[in-house]
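Q: Take a look at this one; I'll ask things after.
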Amino acid sequence: MKSAFNGAVIGLLLLFCGHISVAQSHLKNRKILQQMQQAEKSAVLLSPNAKLFPVQDLERRTIVSVKLDDKHQAIFDSLAIYYAGLQKMDADKYKDSADLNDLEDDLNGYNTVLVSVTAAGMRKAKYLDFIYDVSHRKDMILIIYGKDENKLRLTGIHCPVLWMPVDNKFAAAVAAQMVFGGIGVTGKLPRSLGIGFPKGAGVKTLATRLKYTVPEELGINIKSLKEIDAIAQEGIDKKAAPGMVVLAVKNGKVFFRKAYGHHTYDGRVADKITDLFDMASVTKITATTPSVMHLVETGQLNMDSSIGHYIARARKSPMSDIPVREVMLHQAGFVPFINFPKLITPNDFRRDSSVAFPTKVADDYYIRRGFFKDFMWPTMLYSPILTRGKYVYSDISMYVMQAIIEGLTDTTLDKYAYKHFFAPLGMHSTDYLPRYKFPLNSIVPTEDDTSFRGTLLDGYVHDEGAALKGGVAGHAGLFSTATDLAAYYQMLLNKGTYGGRRYFNAGTVTTFTNNESKVSRRGYGFDRVDPDKSKSYPSKLASPHTFGHTGYTGTCVWVDQDRQLVYIFLSNRVNPTRSPMLSRLEIRGRIQDVFNKAIDNIGK
């Protein structure tokens with residue numbers, strides 16, 4: 001029995017570190033599920049401050065996770081980081097002190113504190129003093145592990161208390177998800193814990209965010225997903241991409257997430273679930289389109305108004321009378337591509353920065369002041385308009401929408417999207433210009449650009465136009481992780497709600513993600529499944545109600561409404577150079593269909 005338990009623990013560690021293997025057995029996964037369900041069933045929330053639990057208002061929170069004496073804190077933190085950005089502190093670093101006053105002072109700068117302690121630890125005076133003090137000074141959630149309930153000292157603690165009678169790694173995994181709303185709390189006290197905590201006490205909460213689990217919870221045998229490993233390895237072996245991350249959500253439950261390969265073919269840095277990838281055109285539907293949706297919903301933007309109505313500089317251009325609706329459908333008649341790097345002259349850039357050359361495009365490459373405003377933007381504005389009403393995919397569409405968004409909001413697109421979507425959704429690893437905000441070793445490099453910038457693009461946007469604009473563009477420039485994207489696209493699948501908050505009305509999501517074009521498969525901003533089944537786009541088995549987008553760097557996100565599936569695939573197929581093998585081998589679509597088949601076979 002002990003060996004079976006240890007095997008399940010190892011499986012749990014792999015699962016929550018993002019490296020769950022389909023070689024892991026169905027029986028081990030069922031053991032993990034059983035242990036997690038036991039922890040879920042026994043957990044009790046004792047809360048004099050129910051508004052804090054589960055954690056809300058992520059955009060205003062600076063969170064720190066404090067370990068007092070819980071030996072399973074690593075598991076707790078590995079799950080918590082999927083929901084929100086947080087720092088970690090360990091009381092062991094202060095063990096030579098008779099008190100934890102230094103630790104308490106080190107909490108300055110954090111307004112939300114998650115404290116993990118065992119029931120036995122609740123008998124230690126310095127732990128109790130710390131808990132009492134912090135619970136009265138800050139928003140705090142106390143997680144207590146263990147069955148020593150008769151000796152728990154809860155009087156005077158001014159914060160929600162999550163009591164996990166089970167004290168193991170499974171309980172830590174469950175506790176983290178309960179704290180952030182991935183799992184609801186339903187347990188009641190089996191006996192009184194003293195004044196204020198009678199038998200039967202316990203606050204119920206609902207699951208409002210993603211849950212991280214094993215496929216077996218959904219009735220999917222892990223063996224049915226075995227082919228994903230083989231497809232991913234085939235892609236790596238045949239140089240489709242040096243590495244990739246795959247994640248899938250069904251019914252709000254993340255049942256598969258795994259990193260394959262490495263950042264580059266030299267094999268030095270392994271891909272991780274938490275790595276940031278260049279989203280390329282997935283930027284269009286993750287930053288620009290939701291901003292448009294929000295402006296439409298709040299009455300600031302009318303899809304039937306013209307470009308010239310919103311952009312004064314466009315009023316004398318060929319695009320002036322084109323309605324926003326046609327822009328969002330790629331039916332405005334814009335030219336499909338302008339190769340701006342080919343139009344750069346030696347006078348346009350320098351290898352060192354200066355007042356005249358302030359925009360950093362890459363290492364040792366600075367573009368002159370006003371290059372976008374005075375050259376790139378007029379070039380797009382006055383480009384010839386092709387056949388209106390015909391589907392022609394063009395990045396100019398999202399340059400235009402960015403200009404409209406920024407004109408209406410008096411702020412930049414990156415700041416607007418972060419404020420309204422990324423921060424409140426807990427997408428703490430999603431942003432533009434990642435090189436200045438995240439550790440470089442967590443950002444997956446793209447192309448070794450020998451023809452334009454002369455450097456490996458590590459933390460710099462791959463798209464040339466977005467780079468010349470300064471890194472923030474409507475069509476490209478966003479970097480993100482698989483778990484961050486999962487939250488956003490689950491919100492869309494939920495018709496606008498996530499984490500107890502409504503971001504869009506259901507009708508807005510339906511309108512934008514539906515097929516709204518009479519001449520193509522497109523929605524407003526979103527791509528959709530191709531009705532021509534011979535094209536197998538995005539995959540052979542994708543349902544007709546599938547929306548999403550692909551990215552040039554080797555990314556894609558697809559939401560299958562019929563299957564309640566969110567499928568995310570991230571790679572850097574342009575490293576070291578632009579490989580066509582990802583598409584030729586149909587890596588993305590084949591993996592998507594493994595999930596489709598597994599879901600279709602549930603209960604059979």
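So you can find residues: chains in the structure tokens are A, B, ... in the order shown, residues in each start at 1, and ligands are numbered from 1 in order.
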With only C-alpha atoms counted and 12 Å as the cut-off, give the residues of region 219-272 of chain A in contact with region 180-203 of chain A, each with its shortest interatomic distance in Å and the pair that gives it, as a tab-separated table.
A:
```
residue	atom	partner	partner_atom	distance
A:Gly252	CA	A:Gly182	CA	8.8
A:Lys253	CA	A:Gly182	CA	8.6
A:Val254	CA	A:Gly182	CA	10.2
```
Q: So that I can see what lies close to Lys93 (chain A), please list as a PyMOL selection string the residues with an atom at most 12 Å from it, counting only C-alpha atoms and leaving out residues fewer than 6 positions away in the same chain.
A: chain A and resi 66-69+99-100+102-103+106
Q: Could you name the residues that touch Tyr416 (chain A) at 10 Å or less, counting only C-alpha atoms, but leaving out those on the same chain fewer than 4 positions away, as a list in words?
A: Ala287, Thr288, Ser291, Ile405, Glu406, Thr409, Asp410, Thr411, Thr412, His420, Phe421 and Phe422 of chain A
Q: Write out the residues from the selection above, keeping N, CA and C atoms, as a short mmCIF file (atom, residue, chain, number, x, y, z; two decimals), in the first residue's frame.
A:
```cif
data_model
loop_
_atom_site.label_atom_id
_atom_site.label_comp_id
_atom_site.auth_asym_id
_atom_site.auth_seq_id
_atom_site.Cartn_x
_atom_site.Cartn_y
_atom_site.Cartn_z
N ALA A 287 -5.74 40.44 -27.04
CA ALA A 287 -5.58 41.81 -26.57
C ALA A 287 -6.49 42.78 -27.32
N THR A 288 -6.42 42.78 -28.65
CA THR A 288 -7.14 43.78 -29.43
C THR A 288 -8.64 43.51 -29.49
N SER A 291 -10.60 44.18 -26.33
CA SER A 291 -10.69 45.63 -26.11
C SER A 291 -11.79 46.23 -26.97
N ILE A 405 -8.78 52.10 -30.73
CA ILE A 405 -8.84 51.82 -29.28
C ILE A 405 -8.11 52.89 -28.50
N GLU A 406 -6.91 53.21 -28.94
CA GLU A 406 -6.10 54.18 -28.19
C GLU A 406 -6.65 55.58 -28.29
N THR A 409 -9.70 55.60 -25.78
CA THR A 409 -9.41 55.36 -24.36
C THR A 409 -8.34 56.28 -23.78
N ASP A 410 -7.65 57.01 -24.65
CA ASP A 410 -6.56 57.88 -24.21
C ASP A 410 -5.49 57.12 -23.44
N THR A 411 -5.29 55.89 -23.81
CA THR A 411 -4.21 55.09 -23.23
C THR A 411 -3.73 54.11 -24.28
N THR A 412 -2.63 53.45 -24.01
CA THR A 412 -2.09 52.51 -24.99
C THR A 412 -2.79 51.16 -24.88
N HIS A 420 -8.09 45.87 -17.98
CA HIS A 420 -9.45 45.34 -18.08
C HIS A 420 -9.52 43.82 -18.15
N PHE A 421 -8.44 43.16 -18.56
CA PHE A 421 -8.51 41.71 -18.74
C PHE A 421 -7.39 40.95 -18.04
N PHE A 422 -6.16 41.23 -18.38
CA PHE A 422 -5.07 40.41 -17.89
C PHE A 422 -4.95 40.44 -16.37
#
```
Q: Apply DSSP to the structure's backbone, then extract all residues of region 499-576 of chain A labelled strand (DSSP E or B) and return them as a list in words.
A: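 Those residues are Arg501, Arg502, Asp527, Arg528, Thr546, Phe547, Gly548, His549, Thr550, Gly551, Thr555, Cys556, Val557, Trp558, Val559, Asp560, Leu565, Val566, Tyr567, Ile568, Phe569, Leu570 and Ser571 of chain A.
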Q: Quick one: residues within 9 Å of Pro323 (chain A), only C-alpha atoms, excluding same-chain residues fewer than 5 positions away - as a PyMOL selection string?
A: chain A and resi 303-308+332
Q: Find the residues of region 168-238 of chain A that sit at most 12 Å from region 113-132 of chain A; for each, write down the nearest two atoms and how far apart they are in Å, to one decimal. Count only C-alpha atoms. Sort by chain, then by number going up, and give it as JSON lines.
A:
```
{"residue": "A:Asn168", "atom": "CA", "partner": "A:Thr118", "partner_atom": "CA", "distance": 10.6}
{"residue": "A:Ala171", "atom": "CA", "partner": "A:Ser116", "partner_atom": "CA", "distance": 11.6}
{"residue": "A:Ala172", "atom": "CA", "partner": "A:Ser116", "partner_atom": "CA", "distance": 9.2}
{"residue": "A:Ala175", "atom": "CA", "partner": "A:Ser116", "partner_atom": "CA", "distance": 9.8}
{"residue": "A:Ala176", "atom": "CA", "partner": "A:Leu114", "partner_atom": "CA", "distance": 9.6}
{"residue": "A:Val179", "atom": "CA", "partner": "A:Leu114", "partner_atom": "CA", "distance": 8.8}
{"residue": "A:Phe180", "atom": "CA", "partner": "A:Leu114", "partner_atom": "CA", "distance": 10.9}
```
Q: How about saving the chosen residues, C-alpha atoms kept, as a compact mmCIF listing (two decimals), in the first residue's frame?
A:
```
# COMPACT_ATOMS: atom_id res chain seq x y z
CA ASN A 168 -0.48 15.42 2.61
CA ALA A 171 -4.47 18.30 0.44
CA ALA A 172 -1.97 21.03 -0.42
CA ALA A 175 -6.14 23.82 -0.75
CA ALA A 176 -4.42 26.06 -3.31
CA VAL A 179 -8.16 29.45 -2.03
CA PHE A 180 -8.45 30.74 -5.61
```
Q: For Pro242 (chain A), which residue among A:Asn601, A:Ser320, A:Ser480, A:Thr264 is the nearest when counting only C-alpha atoms?
A: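 Counting only C-alpha atoms, the residue closest to Pro242 (chain A) is A:Thr264.
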Q: Could you state the separation of CA of Ser517 (chain A) and CA of Gln331 (chain A) in Å, given to one decimal place?
A: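 Taking CA of Ser517 (chain A) as the start and CA of Gln331 (chain A) as the end point, the length is 8.7 Å.
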Q: Which residues of region 272-291 of chain A sit at most 9 Å from region 561-579 of chain A, using only C-alpha atoms? Give each one's shortest atom pair and distance in Å (one decimal place), in chain and ascending residue order, as a tab-separated table.
A:
```
residue	atom	partner	partner_atom	distance
A:Phe277	CA	A:Leu570	CA	6.7
A:Asp278	CA	A:Asn572	CA	7.7
A:Met279	CA	A:Leu570	CA	8.0
```
Q: So, counting only C-alpha atoms, which residue among A:Ile443, A:Ala173, A:Ile311, A:Val461 is closest to Gln37 (chain A)?
A: A:Ala173
Q: Using only C-alpha atoms, which of the listed residues (A:Ile591, A:Ala506, A:Ala598, A:Met89) sits closest to Asp105 (chain A)?
A: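 When distances to Asp105 (chain A) are compared using only C-alpha atoms, the smallest one comes from A:Met89.
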Q: Using only C-alpha atoms, pick whichever of A:Ser354, A:Thr274, A:Thr283, A:Gln35 has the shortest atom-to-atom distance to Thr213 (chain A).
A: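 Of all the options, A:Gln35 lies closest to Thr213 (chain A).
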Q: Quick one: which region 443-551 of chain A residues come within 8 Å of region 423-433 of chain A, and what is the nearest atom pair for each with the distance in Å to one decimal, counting only C-alpha atoms, rows ordered by chain and ascending number, as CSV?
A:
```
residue,atom,partner,partner_atom,distance
A:Gly459,CA,A:Leu433,CA,7.2
A:Tyr460,CA,A:Leu433,CA,6.9
A:Val461,CA,A:Leu433,CA,7.7
A:Gly471,CA,A:Leu433,CA,6.1
A:Val472,CA,A:Tyr432,CA,6.1
A:Gly477,CA,A:Tyr432,CA,5.7
A:Leu478,CA,A:Tyr432,CA,4.7
A:Phe479,CA,A:Asp431,CA,5.6
A:Ser480,CA,A:Thr430,CA,4.3
A:Thr481,CA,A:Ser429,CA,6.5
A:Asp484,CA,A:Met427,CA,4.7
A:Leu485,CA,A:Met427,CA,7.5
A:Ala487,CA,A:Leu425,CA,6.7
A:Tyr488,CA,A:Leu425,CA,6.9
A:Tyr498,CA,A:Leu425,CA,7.5
A:Gly499,CA,A:Leu425,CA,7.4
```
Q: Please, could you write that set of residues out with N, CA, C and O atoms as a PDB file, in the first residue's frame?
A:
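Contents of result-v3.pdb, freshly written:
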```
ATOM      1  N   GLY A 459      12.851  37.585 -26.189  1.00  0.00           N
ATOM      2  CA  GLY A 459      12.126  38.606 -25.447  1.00  0.00           C
ATOM      3  C   GLY A 459      11.733  39.794 -26.295  1.00  0.00           C
ATOM      4  O   GLY A 459      11.066  40.707 -25.816  1.00  0.00           O
ATOM      5  N   TYR A 460      12.150  39.810 -27.549  1.00  0.00           N
ATOM      6  CA  TYR A 460      11.718  40.829 -28.501  1.00  0.00           C
ATOM      7  C   TYR A 460      10.678  40.209 -29.434  1.00  0.00           C
ATOM      8  O   TYR A 460      10.808  39.053 -29.844  1.00  0.00           O
ATOM      9  N   VAL A 461       9.676  40.983 -29.807  1.00  0.00           N
ATOM     10  CA  VAL A 461       8.616  40.463 -30.667  1.00  0.00           C
ATOM     11  C   VAL A 461       9.197  40.028 -32.012  1.00  0.00           C
ATOM     12  O   VAL A 461      10.059  40.686 -32.583  1.00  0.00           O
ATOM     13  N   GLY A 471       7.121  47.448 -30.212  1.00  0.00           N
ATOM     14  CA  GLY A 471       6.795  46.217 -29.500  1.00  0.00           C
ATOM     15  C   GLY A 471       5.350  46.069 -29.095  1.00  0.00           C
ATOM     16  O   GLY A 471       4.928  44.984 -28.699  1.00  0.00           O
ATOM     17  N   VAL A 472       4.572  47.138 -29.162  1.00  0.00           N
ATOM     18  CA  VAL A 472       3.157  47.081 -28.789  1.00  0.00           C
ATOM     19  C   VAL A 472       2.326  47.336 -30.036  1.00  0.00           C
ATOM     20  O   VAL A 472       2.299  48.449 -30.570  1.00  0.00           O
ATOM     21  N   GLY A 477       2.833  41.050 -30.737  1.00  0.00           N
ATOM     22  CA  GLY A 477       3.610  41.671 -29.679  1.00  0.00           C
ATOM     23  C   GLY A 477       3.316  41.124 -28.303  1.00  0.00           C
ATOM     24  O   GLY A 477       4.100  41.310 -27.371  1.00  0.00           O
ATOM     25  N   LEU A 478       2.196  40.433 -28.145  1.00  0.00           N
ATOM     26  CA  LEU A 478       1.826  39.896 -26.842  1.00  0.00           C
ATOM     27  C   LEU A 478       2.592  38.603 -26.563  1.00  0.00           C
ATOM     28  O   LEU A 478       2.783  37.773 -27.456  1.00  0.00           O
ATOM     29  N   PHE A 479       3.050  38.436 -25.317  1.00  0.00           N
ATOM     30  CA  PHE A 479       3.658  37.195 -24.853  1.00  0.00           C
ATOM     31  C   PHE A 479       2.786  36.644 -23.732  1.00  0.00           C
ATOM     32  O   PHE A 479       2.227  37.400 -22.929  1.00  0.00           O
ATOM     33  N   SER A 480       2.682  35.313 -23.662  1.00  0.00           N
ATOM     34  CA  SER A 480       1.825  34.727 -22.632  1.00  0.00           C
ATOM     35  C   SER A 480       2.214  33.288 -22.366  1.00  0.00           C
ATOM     36  O   SER A 480       3.076  32.718 -23.041  1.00  0.00           O
ATOM     37  N   THR A 481       1.572  32.709 -21.352  1.00  0.00           N
ATOM     38  CA  THR A 481       1.764  31.308 -20.990  1.00  0.00           C
ATOM     39  C   THR A 481       0.485  30.521 -21.238  1.00  0.00           C
ATOM     40  O   THR A 481      -0.599  31.100 -21.362  1.00  0.00           O
ATOM     41  N   ASP A 484      -2.135  31.082 -18.385  1.00  0.00           N
ATOM     42  CA  ASP A 484      -2.783  32.394 -18.480  1.00  0.00           C
ATOM     43  C   ASP A 484      -3.841  32.392 -19.570  1.00  0.00           C
ATOM     44  O   ASP A 484      -4.972  32.867 -19.376  1.00  0.00           O
ATOM     45  N   LEU A 485      -3.480  31.883 -20.729  1.00  0.00           N
ATOM     46  CA  LEU A 485      -4.424  31.841 -21.843  1.00  0.00           C
ATOM     47  C   LEU A 485      -5.649  30.999 -21.506  1.00  0.00           C
ATOM     48  O   LEU A 485      -6.773  31.322 -21.912  1.00  0.00           O
ATOM     49  N   ALA A 487      -7.209  30.710 -18.722  1.00  0.00           N
ATOM     50  CA  ALA A 487      -8.178  31.488 -17.952  1.00  0.00           C
ATOM     51  C   ALA A 487      -8.992  32.403 -18.867  1.00  0.00           C
ATOM     52  O   ALA A 487     -10.222  32.481 -18.756  1.00  0.00           O
ATOM     53  N   TYR A 488      -8.321  33.092 -19.760  1.00  0.00           N
ATOM     54  CA  TYR A 488      -9.017  34.027 -20.655  1.00  0.00           C
ATOM     55  C   TYR A 488      -9.995  33.305 -21.576  1.00  0.00           C
ATOM     56  O   TYR A 488     -11.151  33.722 -21.740  1.00  0.00           O
ATOM     57  N   TYR A 498     -15.900  34.736 -15.325  1.00  0.00           N
ATOM     58  CA  TYR A 498     -14.794  33.942 -14.792  1.00  0.00           C
ATOM     59  C   TYR A 498     -14.409  34.506 -13.434  1.00  0.00           C
ATOM     60  O   TYR A 498     -14.392  35.724 -13.232  1.00  0.00           O
ATOM     61  N   GLY A 499     -14.111  33.615 -12.494  1.00  0.00           N
ATOM     62  CA  GLY A 499     -13.669  34.039 -11.180  1.00  0.00           C
ATOM     63  C   GLY A 499     -14.679  34.867 -10.422  1.00  0.00           C
ATOM     64  O   GLY A 499     -14.307  35.711  -9.604  1.00  0.00           O
TER      65      GLY A 499
END
```
